[in-house]
Amino acid sequence: MSETKYLETHEWYIIDGDNVTVGISDYAQGELGDIVFVTLPEVGQEFSKGDAIVEVEATKTVAEAYAPMNCVITEVNSTLETEPELINNDPVGEGWMVKAEIKEMDDSGMSYQQYESFIS
Amino acid sequence: MSESKTTSLYDFHLSKNAKIIDFAGWSMPFSYDGTLKEHHYVRESAGYFDVSHMGRLRLNYSQIDEINYLICSDLKNISNTKALYSIFISEEGTAIDDVIFWKFDDDLILICNASNTNKIKTHLDIHSINYEDLTNSTDLIAVQGKNAIDIVSSIMPVPDKFSTLKDDKYIYARTGYTGEDGLEVMLDTNDTLGFISKLEAEGVKPCGLGSRDTLRLEASLPLYGFELTDDISPIEAGLKWTVTNKDDYLGKDVIDYQIETKDHKHLKRFKLNAKQIARTGTICISDGVEGIVTSGNISPILGYPIGFVLFKSNPADDLVEFDIRGNLIEGNLLYKRFLS
């Protein structure tokens, strides 16, 4: 598995061979406040880099998580349907959102260090 | 832009790791432990809110007739121990501000929205009503919750519901903005930390403006700037019950006309059977009547999205379709309060 990378739109992703796991950053969940609803995509749905894949409703505002690269969804974290607070409690762990098969590799995200200086 | 104002508790909020937001020109705590947790503190036990950003004016009892002329409720004939929710009405019949009066034998305390303090002061000036602005010399702490009265009764005498009390330290009333019982307490800024430590010793938790908003919405209470504005009358906002003023008052002819004809905008409660929240500004349609959402959020207790929507006229149907980011989401209008 490669290192966790971050996007300017506050998603994280981890590449594992041909697959990628995506969620939102700790900073993003903190800005959103309590997450109360998550709308996940369907397995098999295809996304291009930058497409909205997940919709997150929080008490403060609504946000979308975007695809870090062209990919096809292979698995969604359906636990989030009943426990959306997992994203608040463990955004880069149990709060992962989707796993997808990479259609076009794009590992241009920021390292954690770069992301930290981006958000500060 | 002038710098944000802070209450005397600002450093205390920071020491509690509060998330701070700007609200009506004030730097205020949005949350401490998280909005949902704080919501449940109040529904299940008790929380306290720093609401010192709200305007606090002391009025002379001798001018009660003049004050009564500016509001839609009967302040004059209620007893001198009562708290009264009322609305300052413009000549056009719209809401200048919704406020609380605390009535005492010798004076009245007027509590107005932070965003409207200057507007209210100007309005009082125009009508030659004298006031002493207590906003900076005092704090206002709301203690709210299922167990709030039990808890505060060990600290101070508890008045009847919607009634006031004062002693040499506290001026207060049994009122609130969460749908739960509780007190709103005005006190000298030097006494606030001592009061809060008494509350915390009894397990009362700090709550921010985030949960104050979800609590008031779930309790079907309006927020000025959203459900009530310079363009909306109390009748339109579903607050006809506040119209108890039997004398003449500013805007009365418009209010009376609206009551008689029902020809006005209509504010309604709604719920969605969806995982989308219809937020402020969301457009909707019901029975051909267009509406706009004034406030919307999840109801943490009910678990589904709720809100208020303002229609141009009274829709005949309870089905309503919201345009949420291009998706049409169906909802229902409710004729009862969200929480029974």
# chains A, B, ... in the order shown; residues from 1 in each chain; ligands from 1
>>> interface_residues(of="chain A", to="chain B", cutoff="9 Å", atoms="only C-alpha atoms", output="list in words")
Gly33, Asp34, Val36, Phe37, Val38, Thr39, Glu55, Val56, Glu57, Ala58, Thr59, Lys60, Thr61 and Val62 of chain A
>>> select_by_dssp(residues="segment 5-97 of chain A", states="strand (DSSP E)", output="PyMOL selection string")
chain A and resi 5-6+11-16+19-24+35-39+46-47+52-58+62-66+70-76
>>> residues_around(residues="segment 97-113 of chain B", least_positions_apart="2", cutoff="6 Å", atoms="only C-alpha atoms", output="list of chain:residue names")
B:Met54, B:Gly55, B:Arg56, B:Leu57, B:Arg58, B:Leu59, B:Asn60, B:Tyr61, B:Asn80, B:Thr81, B:Lys82, B:Ala83, B:Leu84, B:Tyr85, B:Ser86, B:Ile87, B:Phe88, B:Ala95, B:Ser115, B:Asn116
>>> write_last_selection(atoms="C-alpha atoms", output="PDB file, in the first residue's frame")
ATOM      1  CA  MET B  54     -28.071  39.550  22.740  1.00  0.00           C
ATOM      2  CA  GLY B  55     -29.009  43.143  23.452  1.00  0.00           C
ATOM      3  CA  ARG B  56     -30.174  43.995  26.979  1.00  0.00           C
ATOM      4  CA  LEU B  57     -31.888  47.303  27.627  1.00  0.00           C
ATOM      5  CA  ARG B  58     -33.429  48.574  30.866  1.00  0.00           C
ATOM      6  CA  LEU B  59     -36.618  50.534  30.222  1.00  0.00           C
ATOM      7  CA  ASN B  60     -38.575  52.830  32.520  1.00  0.00           C
ATOM      8  CA  TYR B  61     -41.839  51.427  33.803  1.00  0.00           C
ATOM      9  CA  ASN B  80     -45.252  42.741  37.146  1.00  0.00           C
ATOM     10  CA  THR B  81     -43.617  39.348  37.605  1.00  0.00           C
ATOM     11  CA  LYS B  82     -44.069  38.116  34.056  1.00  0.00           C
ATOM     12  CA  ALA B  83     -41.790  37.498  31.086  1.00  0.00           C
ATOM     13  CA  LEU B  84     -43.313  38.175  27.689  1.00  0.00           C
ATOM     14  CA  TYR B  85     -42.261  37.134  24.190  1.00  0.00           C
ATOM     15  CA  SER B  86     -43.329  39.794  21.731  1.00  0.00           C
ATOM     16  CA  ILE B  87     -42.550  41.456  18.436  1.00  0.00           C
ATOM     17  CA  PHE B  88     -41.784  45.066  17.574  1.00  0.00           C
ATOM     18  CA  ALA B  95     -41.311  42.346  12.329  1.00  0.00           C
ATOM     19  CA  SER B 115     -28.277  41.531  15.008  1.00  0.00           C
ATOM     20  CA  ASN B 116     -31.025  44.003  15.903  1.00  0.00           C
TER      21      ASN B 116
END
>>> residues_around(residues="Leu217 of chain B", least_positions_apart="2", cutoff="9 Å", atoms="only C-alpha atoms", output="VMD selection string")
chain B and resid 178 212 to 215 219 to 223 295 to 297 299 306 to 308 338
>>> residues_around(residues="segment 1-13 of chain A", least_positions_apart="3", cutoff="6 Å", atoms="only C-alpha atoms", output="PyMOL selection string")
chain A and resi 16+21-25+28+109-111
>>> write_last_selection(atoms="C-alpha atoms", output="CSV table (one decimal), in the first residue's frame")
chain,number,residue,atom,x,y,z
A,16,ASP,CA,-3.2,-0.4,-3.2
A,21,THR,CA,-9.7,3.8,-1.1
A,22,VAL,CA,-11.2,7.3,-0.6
A,23,GLY,CA,-12.5,9.3,2.3
A,24,ILE,CA,-12.4,12.9,3.7
A,25,SER,CA,-9.7,14.4,5.8
A,28,ALA,CA,-12.7,18.4,6.5
A,109,GLY,CA,-2.2,14.2,-4.4
A,110,MET,CA,-0.3,15.9,-1.6
A,111,SER,CA,1.6,14.2,1.1
>>> closest_residue(among="A:Val20, A:Ser78, A:Tyr115, A:Asp107", to="Glu94 of chain A", atoms="only C-alpha atoms")
A:Ser78
>>> select_by_dssp(residues="segment 78-154 of chain B", states="alpha helix (DSSP H)", output="PDB file with C-alpha atoms, in the first residue's frame")
ATOM      1  CA  THR B 117     -29.694  45.782  18.988  1.00  0.00           C
ATOM      2  CA  ASN B 118     -28.791  48.956  17.104  1.00  0.00           C
ATOM      3  CA  LYS B 119     -32.029  48.860  15.124  1.00  0.00           C
ATOM      4  CA  ILE B 120     -34.071  48.552  18.321  1.00  0.00           C
ATOM      5  CA  LYS B 121     -32.149  51.357  20.021  1.00  0.00           C
ATOM      6  CA  THR B 122     -32.759  53.634  17.036  1.00  0.00           C
ATOM      7  CA  HIS B 123     -36.439  52.641  17.016  1.00  0.00           C
ATOM      8  CA  LEU B 124     -36.757  53.467  20.723  1.00  0.00           C
ATOM      9  CA  ASP B 125     -34.945  56.778  20.184  1.00  0.00           C
ATOM     10  CA  ILE B 126     -37.354  57.740  17.394  1.00  0.00           C
ATOM     11  CA  ALA B 148     -32.305  22.428  34.320  1.00  0.00           C
ATOM     12  CA  ILE B 149     -34.863  23.567  36.889  1.00  0.00           C
ATOM     13  CA  ASP B 150     -33.971  20.787  39.327  1.00  0.00           C
ATOM     14  CA  ILE B 151     -30.338  21.752  39.030  1.00  0.00           C
ATOM     15  CA  VAL B 152     -30.656  25.539  39.307  1.00  0.00           C
TER      16      VAL B 152
END
>>> atom_distance(atom1="atom CA of Thr164 of chain B", atom2="atom CA of Arg43 of chain B")
23.2 Å
>>> atom_distance(atom1="atom CA of Met156 of chain B", atom2="atom CA of Ser137 of chain B")
21.4 Å
>>> atom_distance(atom1="atom CA of Thr294 of chain B", atom2="atom CA of Lys312 of chain B")
12.9 Å
>>> residues_around(residues="Glu92 of chain B", least_positions_apart="4", cutoff="12 Å", atoms="only C-alpha atoms", output="list in words")
Phe88, Ile96, Asp230, Asp231, Ile232, Ser233, Pro234, Tyr249, Leu250, Gly251, Lys252, Asp253, Val254, Ile255, Asp256, Tyr257 and Gln258 of chain B
>>> closest_residue(among="A:Thr82, A:Val76, A:Tyr27, A:Ala65", to="Tyr112 of chain A", atoms="only C-alpha atoms")
A:Tyr27
>>> decode(residues="segment 73-119 of chain A", atoms="C-alpha atoms", output="compact mmCIF listing (two decimals), in the first residue's frame")
# COMPACT_ATOMS: atom_id res chain seq x y z
CA ILE A 73 -16.67 1.74 -7.46
CA THR A 74 -16.08 -1.79 -6.14
CA GLU A 75 -17.20 -1.37 -2.52
CA VAL A 76 -18.94 1.24 -0.38
CA ASN A 77 -18.74 1.60 3.39
CA SER A 78 -22.42 0.93 4.00
CA THR A 79 -21.89 1.18 7.79
CA LEU A 80 -21.87 4.95 7.19
CA GLU A 81 -25.58 4.74 6.28
CA THR A 82 -26.42 4.03 9.90
CA GLU A 83 -23.31 5.40 11.60
CA PRO A 84 -22.29 8.52 9.67
CA GLU A 85 -20.51 9.73 12.83
CA LEU A 86 -17.71 7.27 11.98
CA ILE A 87 -16.47 9.95 9.57
CA ASN A 88 -16.20 12.41 12.46
CA ASN A 89 -14.66 9.91 14.84
CA ASP A 90 -12.18 8.18 12.52
CA PRO A 91 -12.10 9.93 9.13
CA VAL A 92 -8.98 8.24 7.75
CA GLY A 93 -9.82 4.82 9.23
CA GLU A 94 -13.28 3.41 9.87
CA GLY A 95 -14.78 6.46 8.19
CA TRP A 96 -13.54 5.47 4.73
CA MET A 97 -16.19 5.98 2.08
CA VAL A 98 -15.54 3.96 -1.07
CA LYS A 99 -13.10 1.54 -2.63
CA ALA A 100 -12.68 1.66 -6.39
CA GLU A 101 -10.78 0.08 -9.23
CA ILE A 102 -8.42 2.57 -10.83
CA LYS A 103 -9.12 3.22 -14.51
CA GLU A 104 -6.44 5.81 -14.97
CA MET A 105 -3.71 6.16 -12.35
CA ASP A 106 -3.24 9.68 -11.00
CA ASP A 107 -1.15 9.85 -7.86
CA SER A 108 -0.76 13.62 -7.90
CA GLY A 109 -2.20 14.21 -4.40
CA MET A 110 -0.31 15.94 -1.61
CA SER A 111 1.63 14.18 1.10
CA TYR A 112 0.29 14.68 4.62
CA GLN A 113 3.00 17.25 5.26
CA GLN A 114 2.10 19.19 2.12
CA TYR A 115 -1.59 18.98 2.99
CA GLU A 116 -0.91 20.23 6.53
CA SER A 117 0.79 23.34 5.20
CA PHE A 118 -2.01 23.71 2.61
CA ILE A 119 -4.71 23.89 5.30
